[in-house]
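Novice: File data-v6.txt follows (compact mmCIF, C-alpha atoms):
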# COMPACT_ATOMS: atom_id res chain seq x y z
CA MET A 7 -98.71 11.41 208.15
CA ALA A 8 -95.78 10.23 210.25
CA GLU A 9 -93.49 10.33 207.27
CA ASP A 10 -89.76 10.32 207.60
CA ILE A 11 -88.23 13.61 206.55
CA GLN A 12 -85.96 11.73 204.16
CA GLN A 13 -89.01 10.17 202.45
CA LYS A 14 -90.62 13.58 202.17
CA LEU A 15 -87.46 15.03 200.63
CA GLU A 16 -87.27 12.16 198.14
CA LYS A 17 -90.88 12.68 197.09
CA TYR A 18 -90.41 16.44 196.66
CA ARG A 19 -91.53 17.87 193.32
CA THR A 20 -92.43 21.44 194.17
CA ALA A 21 -93.61 23.48 197.16
CA PRO A 22 -96.93 22.06 198.39
CA PHE A 23 -99.95 24.20 199.24
CA ASP A 24 -99.37 26.00 202.53
CA ALA A 25 -102.62 27.09 204.15
CA ARG A 26 -100.77 29.87 205.98
CA PHE A 27 -100.34 31.60 202.61
CA PRO A 28 -103.51 30.87 200.63
CA ASN A 29 -103.50 33.87 198.28
CA GLN A 30 -101.83 34.82 195.03
CA ASN A 31 -99.09 36.90 196.68
CA GLN A 32 -96.58 34.26 197.86
CA THR A 33 -93.86 36.70 199.00
CA ARG A 34 -94.42 35.86 202.65
CA ASN A 35 -94.25 32.10 201.87
CA CYS A 36 -90.79 32.55 200.30
CA TRP A 37 -89.61 34.85 203.10
CA GLN A 38 -90.86 32.57 205.88
CA ASN A 39 -89.20 29.45 204.47
CA TYR A 40 -85.93 31.30 203.86
CA LEU A 41 -85.97 32.44 207.51
CA ASP A 42 -87.06 29.01 208.75
CA TYR A 43 -84.18 27.28 206.93
CA TYR A 44 -81.48 29.45 208.46
CA ARG A 45 -83.17 29.48 211.87
CA CYS A 46 -83.42 25.68 211.73
CA GLN A 47 -79.73 25.46 210.79
CA LYS A 48 -78.74 27.76 213.63
CA ALA A 49 -80.87 25.95 216.21
CA LEU A 50 -79.82 22.42 215.27
CA ASP A 51 -76.15 23.41 214.92
CA ALA A 52 -76.25 24.85 218.41
CA LYS A 53 -77.57 21.52 219.69
CA GLY A 54 -74.98 19.61 217.66
CA VAL A 55 -77.66 17.59 215.90
CA ASP A 56 -78.03 16.51 212.25
CA THR A 57 -79.42 19.43 210.26
CA SER A 58 -80.93 17.50 207.35
CA PRO A 59 -84.56 18.06 208.43
CA CYS A 60 -83.86 21.73 207.64
CA ASP A 61 -83.45 20.82 203.98
CA TRP A 62 -87.25 20.82 203.55
CA TYR A 63 -87.32 24.59 204.07
CA LYS A 64 -84.43 24.99 201.67
CA ARG A 65 -86.27 23.02 198.97
CA VAL A 66 -89.38 25.16 199.45
CA TYR A 67 -87.65 28.52 199.30
CA LYS A 68 -85.54 27.41 196.36
CA SER A 69 -88.77 26.54 194.54
CA LEU A 70 -90.65 29.70 195.44
CA CYS A 71 -88.19 32.57 195.72
CA PRO A 72 -86.84 34.63 192.81
CA LEU A 73 -83.10 33.94 192.44
CA SER A 74 -82.30 37.66 192.79
CA TRP A 75 -83.95 37.74 196.22
CA ILE A 76 -81.98 34.69 197.40
CA GLU A 77 -78.72 36.23 196.16
CA LYS A 78 -79.54 39.57 197.78
CA TRP A 79 -80.43 37.99 201.11
CA ASP A 80 -77.37 35.71 201.07
CA THR A 81 -75.15 38.75 200.48
CA GLN A 82 -76.92 40.65 203.28
CA ARG A 83 -76.38 37.75 205.67
CA GLU A 84 -72.67 37.71 204.83
CA ASP A 85 -72.43 41.50 205.32
CA GLY A 86 -74.41 41.39 208.55
CA THR A 87 -77.13 43.63 207.11
CA PHE A 88 -79.87 41.04 206.74
CA PRO A 89 -83.01 42.65 208.21
CA GLY A 90 -84.70 39.40 209.26
CA LYS A 91 -84.25 37.78 212.65
CA ILE A 92 -82.34 34.48 212.43
CA MET B 24 -132.73 104.15 201.35
CA ALA B 25 -132.60 100.62 199.89
CA HIS B 26 -133.19 97.68 202.26
CA GLN B 27 -132.67 94.00 201.71
CA ALA B 28 -135.86 91.98 202.26
CA HIS B 29 -133.97 88.94 203.64
CA ALA B 30 -131.62 88.05 206.48
CA TYR B 31 -128.72 86.87 204.34
CA HIS B 32 -125.42 88.58 203.72
CA MET B 33 -124.71 89.71 200.16
CA VAL B 34 -121.00 90.31 200.52
CA ASP B 35 -119.44 93.40 198.93
CA PRO B 36 -116.93 92.82 196.10
CA SER B 37 -113.54 91.90 197.53
CA PRO B 38 -110.06 91.51 196.05
CA TRP B 39 -108.93 88.87 198.54
CA PRO B 40 -110.13 85.77 196.68
CA LEU B 41 -108.07 86.94 193.69
CA THR B 42 -104.98 87.71 195.75
CA GLY B 43 -105.39 84.34 197.47
CA ALA B 44 -105.52 82.56 194.13
CA ILE B 45 -102.46 84.46 192.93
CA ALA B 46 -100.67 83.56 196.15
CA ALA B 47 -101.48 79.87 195.59
CA LEU B 48 -100.12 80.08 192.05
CA LEU B 49 -96.93 81.83 193.16
CA MET B 50 -96.36 79.35 195.99
CA THR B 51 -96.79 76.26 193.84
CA SER B 52 -94.77 77.49 190.90
CA GLY B 53 -92.30 78.97 193.39
CA LEU B 54 -91.88 75.52 194.90
CA ALA B 55 -91.05 74.10 191.46
CA ILE B 56 -88.59 76.95 190.81
CA TRP B 57 -86.93 76.30 194.16
CA PHE B 58 -86.54 72.60 193.40
CA HIS B 59 -85.05 73.12 189.95
CA PHE B 60 -83.28 76.48 190.05
CA HIS B 61 -82.45 76.94 193.77
CA SER B 62 -84.23 80.31 194.06
CA THR B 63 -86.81 80.92 196.82
CA THR B 64 -87.91 84.40 195.65
CA LEU B 65 -91.14 83.39 193.93
CA MET B 66 -92.22 81.10 196.73
CA THR B 67 -91.48 83.73 199.39
CA LEU B 68 -93.48 86.29 197.42
CA GLY B 69 -96.38 83.85 197.31
CA LEU B 70 -96.10 83.23 201.04
CA ILE B 71 -96.18 86.97 201.84
CA LEU B 72 -99.17 87.45 199.57
CA LEU B 73 -100.91 84.52 201.30
CA LEU B 74 -100.33 86.01 204.75
CA LEU B 75 -101.60 89.41 203.59
CA THR B 76 -104.67 87.78 202.02
CA MET B 77 -105.52 85.82 205.18
CA TYR B 78 -105.06 88.86 207.41
CA GLN B 79 -107.20 91.16 205.30
CA TRP B 80 -109.90 88.66 204.39
CA TRP B 81 -110.52 87.57 207.96
CA ARG B 82 -110.24 91.17 209.20
CA ASP B 83 -113.01 92.03 206.74
CA ILE B 84 -115.19 89.17 208.00
CA ILE B 85 -114.75 90.43 211.57
CA ARG B 86 -115.71 93.93 210.41
CA GLU B 87 -118.80 92.63 208.59
CA GLY B 88 -119.93 90.43 211.48
CA THR B 89 -118.91 92.14 214.70
CA PHE B 90 -119.07 95.80 213.68
CA GLN B 91 -121.65 95.90 210.88
CA GLY B 92 -124.08 93.25 212.16
CA HIS B 93 -124.27 91.18 208.98
CA HIS B 94 -123.98 87.85 210.84
CA THR B 95 -127.67 87.20 211.50
CA PRO B 96 -128.77 83.74 212.75
CA PRO B 97 -129.14 82.23 209.27
CA VAL B 98 -125.77 83.66 208.25
CA GLN B 99 -124.20 82.19 211.38
CA LYS B 100 -125.81 78.85 210.57
CA GLY B 101 -124.10 78.93 207.18
CA LEU B 102 -120.77 79.71 208.82
CA ARG B 103 -121.27 76.75 211.16
CA TYR B 104 -121.94 74.42 208.24
CA GLY B 105 -118.86 75.81 206.54
CA MET B 106 -116.57 75.17 209.50
CA ILE B 107 -117.98 71.67 210.00
CA LEU B 108 -117.46 70.81 206.35
CA PHE B 109 -113.93 72.19 206.43
CA ILE B 110 -113.03 70.15 209.50
CA THR B 111 -114.58 67.09 207.83
CA SER B 112 -112.30 67.60 204.83
CA GLU B 113 -109.35 67.77 207.21
CA VAL B 114 -110.45 64.50 208.77
CA PHE B 115 -110.24 62.88 205.34
CA PHE B 116 -106.81 64.45 204.85
CA PHE B 117 -105.50 62.72 207.97
CA LEU B 118 -107.35 59.51 207.13
CA GLY B 119 -105.07 59.18 204.11
CA PHE B 120 -101.93 59.31 206.24
CA PHE B 121 -103.37 56.81 208.69
CA TRP B 122 -104.17 54.55 205.73
CA ALA B 123 -100.56 54.81 204.59
CA PHE B 124 -99.31 53.97 208.09
CA TYR B 125 -101.54 50.92 208.49
CA HIS B 126 -100.83 49.72 204.95
CA SER B 127 -97.12 49.54 205.70
CA SER B 128 -97.24 48.47 209.34
CA LEU B 129 -99.85 45.68 209.21
CA ALA B 130 -97.93 43.68 206.57
CA PRO B 131 -94.26 44.66 206.93
CA THR B 132 -92.20 43.67 203.88
CA PRO B 133 -89.01 41.55 203.85
CA GLU B 134 -87.01 44.76 203.24
CA LEU B 135 -88.04 45.87 206.74
CA GLY B 136 -87.28 42.43 208.20
CA GLY B 137 -90.92 41.36 208.12
CA CYS B 138 -91.52 43.14 211.42
CA TRP B 139 -92.80 46.44 212.79
CA PRO B 140 -91.02 48.55 213.96
CA PRO B 141 -88.61 47.68 211.13
CA THR B 142 -85.17 46.23 211.90
CA GLY B 143 -82.82 48.97 213.03
CA ILE B 144 -85.50 51.42 214.13
CA THR B 145 -85.65 52.34 217.83
CA PRO B 146 -89.08 53.90 218.29
CA LEU B 147 -89.77 56.58 220.90
CA ASP B 148 -91.00 55.33 224.26
CA PRO B 149 -94.75 56.03 224.21
CA PHE B 150 -94.81 56.48 227.98
CA GLU B 151 -92.31 59.32 228.05
CA VAL B 152 -92.74 62.69 226.24
CA PRO B 153 -95.55 61.42 223.96
CA LEU B 154 -97.65 60.62 227.04
CA LEU B 155 -96.95 64.07 228.46
CA ASN B 156 -98.02 65.54 225.12
CA THR B 157 -101.28 63.60 225.36
CA ALA B 158 -101.92 65.00 228.83
CA VAL B 159 -101.10 68.54 227.65
CA LEU B 160 -103.59 68.39 224.78
CA LEU B 161 -106.31 66.78 226.87
CA ALA B 162 -105.83 69.51 229.47
CA SER B 163 -106.06 72.15 226.77
CA GLY B 164 -109.39 70.63 225.74
CA VAL B 165 -110.62 71.19 229.26
CA THR B 166 -109.36 74.79 229.39
CA VAL B 167 -110.93 75.69 226.05
CA THR B 168 -114.27 74.33 227.31
CA TRP B 169 -113.80 76.41 230.45
CA ALA B 170 -113.18 79.44 228.23
CA HIS B 171 -116.37 78.76 226.30
CA HIS B 172 -118.48 78.55 229.42
CA SER B 173 -116.84 81.71 230.76
CA ILE B 174 -117.78 83.58 227.58
CA MET B 175 -121.35 82.29 227.70
CA GLU B 176 -121.65 83.33 231.35
CA GLY B 177 -120.20 86.78 230.75
CA GLU B 178 -117.16 86.06 232.94
CA ARG B 179 -114.69 88.27 231.10
CA LYS B 180 -111.60 87.77 233.27
CA GLN B 181 -111.99 84.00 233.47
CA ALA B 182 -112.54 83.77 229.73
CA ILE B 183 -109.29 85.62 229.11
CA GLN B 184 -107.38 83.51 231.62
CA SER B 185 -108.64 80.11 230.41
CA LEU B 186 -108.17 81.03 226.75
CA ALA B 187 -104.62 82.20 227.48
CA LEU B 188 -103.94 78.96 229.36
CA THR B 189 -105.23 76.95 226.40
CA ILE B 190 -102.84 78.76 224.09
CA LEU B 191 -99.93 78.25 226.49
CA LEU B 192 -100.66 74.52 226.61
CA GLY B 193 -100.68 74.48 222.81
CA LEU B 194 -97.31 76.21 222.73
CA TYR B 195 -95.96 73.81 225.34
CA PHE B 196 -97.02 70.87 223.14
CA THR B 197 -95.31 72.45 220.14
CA ALA B 198 -92.11 73.04 222.11
CA LEU B 199 -92.08 69.45 223.42
CA GLN B 200 -92.66 68.02 219.94
CA ALA B 201 -89.92 70.22 218.48
CA MET B 202 -87.52 68.86 221.07
CA GLU B 203 -88.65 65.28 220.34
CA TYR B 204 -88.05 65.85 216.62
CA TYR B 205 -84.57 67.17 217.32
CA GLU B 206 -83.65 64.31 219.68
CA ALA B 207 -85.29 61.45 217.76
CA PRO B 208 -82.96 58.53 216.86
CA PHE B 209 -84.57 58.22 213.40
CA THR B 210 -85.30 60.68 210.59
CA ILE B 211 -87.87 61.10 207.82
CA ALA B 212 -85.40 59.36 205.50
CA ASP B 213 -85.40 56.15 207.56
CA GLY B 214 -87.60 54.03 205.33
CA VAL B 215 -91.35 53.87 205.50
CA TYR B 216 -91.26 54.13 209.30
CA GLY B 217 -89.65 57.55 209.12
CA SER B 218 -91.92 58.68 206.31
CA THR B 219 -95.19 57.70 207.99
CA PHE B 220 -94.08 58.98 211.39
CA PHE B 221 -92.87 62.42 210.36
CA VAL B 222 -95.51 63.14 207.70
CA ALA B 223 -98.42 62.21 210.01
CA THR B 224 -97.05 63.87 213.15
CA GLY B 225 -95.64 66.75 211.13
CA PHE B 226 -98.98 67.69 209.59
CA HIS B 227 -100.55 67.31 213.02
CA GLY B 228 -97.97 69.71 214.48
CA LEU B 229 -98.74 72.20 211.72
CA HIS B 230 -102.40 71.98 212.67
CA VAL B 231 -101.54 72.59 216.32
CA ILE B 232 -99.74 75.76 215.27
CA ILE B 233 -102.69 76.84 213.11
CA GLY B 234 -105.13 76.07 215.94
CA SER B 235 -103.03 77.96 218.48
CA THR B 236 -102.94 80.96 216.15
CA PHE B 237 -106.70 80.83 215.68
CA LEU B 238 -107.16 80.74 219.48
CA ALA B 239 -104.71 83.63 219.89
CA VAL B 240 -106.77 85.74 217.49
CA CYS B 241 -109.83 84.86 219.59
CA LEU B 242 -107.97 85.95 222.73
CA LEU B 243 -107.20 89.34 221.17
CA ARG B 244 -110.84 89.68 220.10
CA GLN B 245 -112.12 88.69 223.55
CA ILE B 246 -109.88 91.32 225.13
CA GLN B 247 -111.30 93.87 222.70
CA TYR B 248 -114.92 93.04 223.59
CA HIS B 249 -115.84 91.46 220.24
CA PHE B 250 -117.67 88.48 221.77
CA THR B 251 -121.05 88.57 223.52
CA SER B 252 -122.42 85.83 225.71
CA GLU B 253 -124.90 84.92 222.95
CA HIS B 254 -122.79 85.47 219.83
CA HIS B 255 -119.18 84.32 219.62
CA PHE B 256 -119.01 82.02 216.63
CA GLY B 257 -115.36 82.82 215.85
CA PHE B 258 -114.47 81.38 219.23
CA GLU B 259 -116.68 78.33 218.75
CA ALA B 260 -115.06 77.61 215.37
CA ALA B 261 -111.61 77.87 216.98
CA ALA B 262 -112.70 75.55 219.79
CA TRP B 263 -114.08 72.97 217.34
CA TYR B 264 -110.82 73.09 215.40
CA TRP B 265 -108.85 72.69 218.60
CA HIS B 266 -110.86 69.62 219.67
CA PHE B 267 -110.32 68.15 216.19
CA VAL B 268 -106.53 68.62 216.59
CA ASP B 269 -106.72 66.93 219.98
CA VAL B 270 -108.65 63.94 218.59
CA VAL B 271 -106.18 63.52 215.72
CA TRP B 272 -103.37 63.43 218.29
CA LEU B 273 -105.18 60.71 220.26
CA PHE B 274 -105.39 58.56 217.13
CA LEU B 275 -101.74 59.28 216.31
CA TYR B 276 -100.69 58.40 219.83
CA VAL B 277 -102.58 55.11 219.98
CA SER B 278 -101.71 54.02 216.40
CA ILE B 279 -98.18 55.23 215.71
CA TYR B 280 -96.63 55.81 219.11
CA TRP B 281 -98.18 53.02 221.12
CA TRP B 282 -99.33 50.16 218.83
CA GLY B 283 -96.57 51.02 216.35
CA SER B 284 -93.82 50.49 218.90
Just give me the structure of the file as C-alpha cells.
Specialist:
Amino acid sequence: MAEDIQQKLEKYRTAPFDARFPNQNQTRNCWQNYLDYYRCQKALDAKGVDTSPCDWYKRVYKSLCPLSWIEKWDTQREDGTFPGKI
Amino acid sequence: MAHQAHAYHMVDPSPWPLTGAIAALLMTSGLAIWFHFHSTTLMTLGLILLLLTMYQWWRDIIREGTFQGHHTPPVQKGLRYGMILFITSEVFFFLGFFWAFYHSSLAPTPELGGCWPPTGITPLDPFEVPLLNTAVLLASGVTVTWAHHSIMEGERKQAIQSLALTILLGLYFTALQAMEYYEAPFTIADGVYGSTFFVATGFHGLHVIIGSTFLAVCLLRQIQYHFTSEHHFGFEAAAWYWHFVDVVWLFLYVSIYWWGS
C-alpha cells in the first residue's frame, strides 16, 4: 500500500475503480480529477515543492474525460471563466 | 308545481362552460400567434373572454347558493370535495417545480462549477426580505383564522376587519416580492438557478394574487350579508386556498431561499 507515487505512475494502465463514483455515470469522476490536478498544482507550486505527485490526477482525467471537455475547460481556465473552484 | 324529490342541485343550462372553453382556445392559439407574428390581439381577446366567464359563472353560483338556496348540505359536501381535489391538483403542480429544483441542485453539473448556488450567482439573503415575507404570510394565516371564527360567532365587524387585514398582508407580500424581483442580482435567464427560482416563486406569487382576489370577493360578500354563521363555504374555500399558498411559501423558503443559498 505504501507505494511510491513514481511506481504507481509507472504501473498505470487506465483509471482504477474509484469507490466514490461507483455508478455508470462517470462525469463526476472526470470533473473531480480535473479539479484535483489543478488544485494540486496550485497548492504544491505555492509551497515550492515538486509537483509530480499531481500527475496521478492528470493521468486519471486524461483517461476518463472526453477530449472536448478538457479543451473547453482549458480554454475557460485561460479566459478566467472556468466555473470550478481551483 | 313540479318538485325535485332529492336534495341535489340540477344546474340550469349555462353558456359559461362554452365561453370558458372558447377563451382557453383563444388564449393558447393567441399565445402562438404572439410568438410567431408579434400580434397580441387574439390572446387579449381570449383573456377578456376568460375574465367575463369567471365573473359571470361565479356570480351565477353565488345567486344559486346564497339567493336561491340550492346549496343544501349534500351539495355543499360536493363543493368541499371539489375544492379539496382542486387544491390537491395544485399541490402536484408545485411538486413538479420542486422536483426540478432538487434535480438540479442536489447534483450540480460541471457547467455550474459542481456547486450550488452555481458559480457567479449571488443568492438573496434568506434572513432579509424573504424572512419578512414568511412572517407576513404566517400572520395572514392567523388573521384569516380570526376572520373565520368571527364569521362563525356572528361578529360582523371583526370579520370584516380581520378579513381586510388578511388581504392587506397578502398585498404587502406581493409588493415586497415585486421589489425583490426588481432588485435581484440574477434573472430568469441565469442558468438553471434563475429558471428554478423564478418559475417556482413566480407561480407562487401568481397564486398569492389569485388567493388575495378570492379573499377580496369574500370581503365584499361578507359586507353584503351573504354569509351566515352556519353557512359560509365560499369563505372556507378561500381560507383553505390561502393556507395552501402559505404552506407552499414555507416549502419554497426552506428549500430554495434557505437550503439553496
Novice: Compile the residues of chain A that lie within 10 Å of chain B, evaluated using only C-alpha atoms, and express the compilation as number ranges by chain.
Specialist: A: 33-34, 36-38, 75, 79, 87-91
Novice: Considering all atoms listed in the file, return as number ranges by chain whatever protein or nucleic-acid residues lie within 9 Å of segment 62-72 of chain A, sequence-local ones (same chain, fewer than 2 positions apart) excluded.
Specialist: A: 11, 14-15, 18, 20-22, 32-33, 35-44, 46, 58-60, 74-77
Novice: Padding of 3 Å on every side, edges along x, y and z, all listed atoms of segment 256-265 of chain B included: what centre and edge lengths in Å, to one decimal, does that box have, as JSON?
Specialist:
{"center_x": -113.9, "center_y": 77.8, "center_z": 217.6, "size_x": 16.2, "size_y": 16.1, "size_z": 10.4}
Novice: Expressed in Å to a single decimal, how great is the separation between atom CA of Thr76 of chain B and atom CA of Thr42 of chain B?
Specialist: 6.3 Å
Novice: When you look at Leu192 of chain B with a cut-off of 8 Å (counting all atoms listed in the file), what residues show up, excluding the ones that are within fewer than 4 positions of it in the same chain? I need them as a PDB file with C-alpha atoms, in the coordinates of the input.
Specialist:
ATOM      1  CA  VAL B 159    -101.100  68.540 227.650  1.00  0.00           C
ATOM      2  CA  LEU B 160    -103.590  68.390 224.780  1.00  0.00           C
ATOM      3  CA  ALA B 162    -105.830  69.510 229.470  1.00  0.00           C
ATOM      4  CA  SER B 163    -106.060  72.150 226.770  1.00  0.00           C
ATOM      5  CA  LEU B 188    -103.940  78.960 229.360  1.00  0.00           C
ATOM      6  CA  PHE B 196     -97.020  70.870 223.140  1.00  0.00           C
TER       7      PHE B 196
END
Novice: Could you check how far atom CA of His26 of chain B sits from atom CA of Leu102 of chain B, in Å to one decimal?
Specialist: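 About the pair atom CA of His26 of chain B and atom CA of Leu102 of chain B: they are 22.8 Å apart.
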Novice: Quick one: residues within 6 Å of His93 of chain B, all atoms listed in the file, excluding same-chain residues fewer than 4 positions away - as a list in words?
Specialist: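 Contacts, in chain order: His32, Glu87 and Gly88 of chain B.
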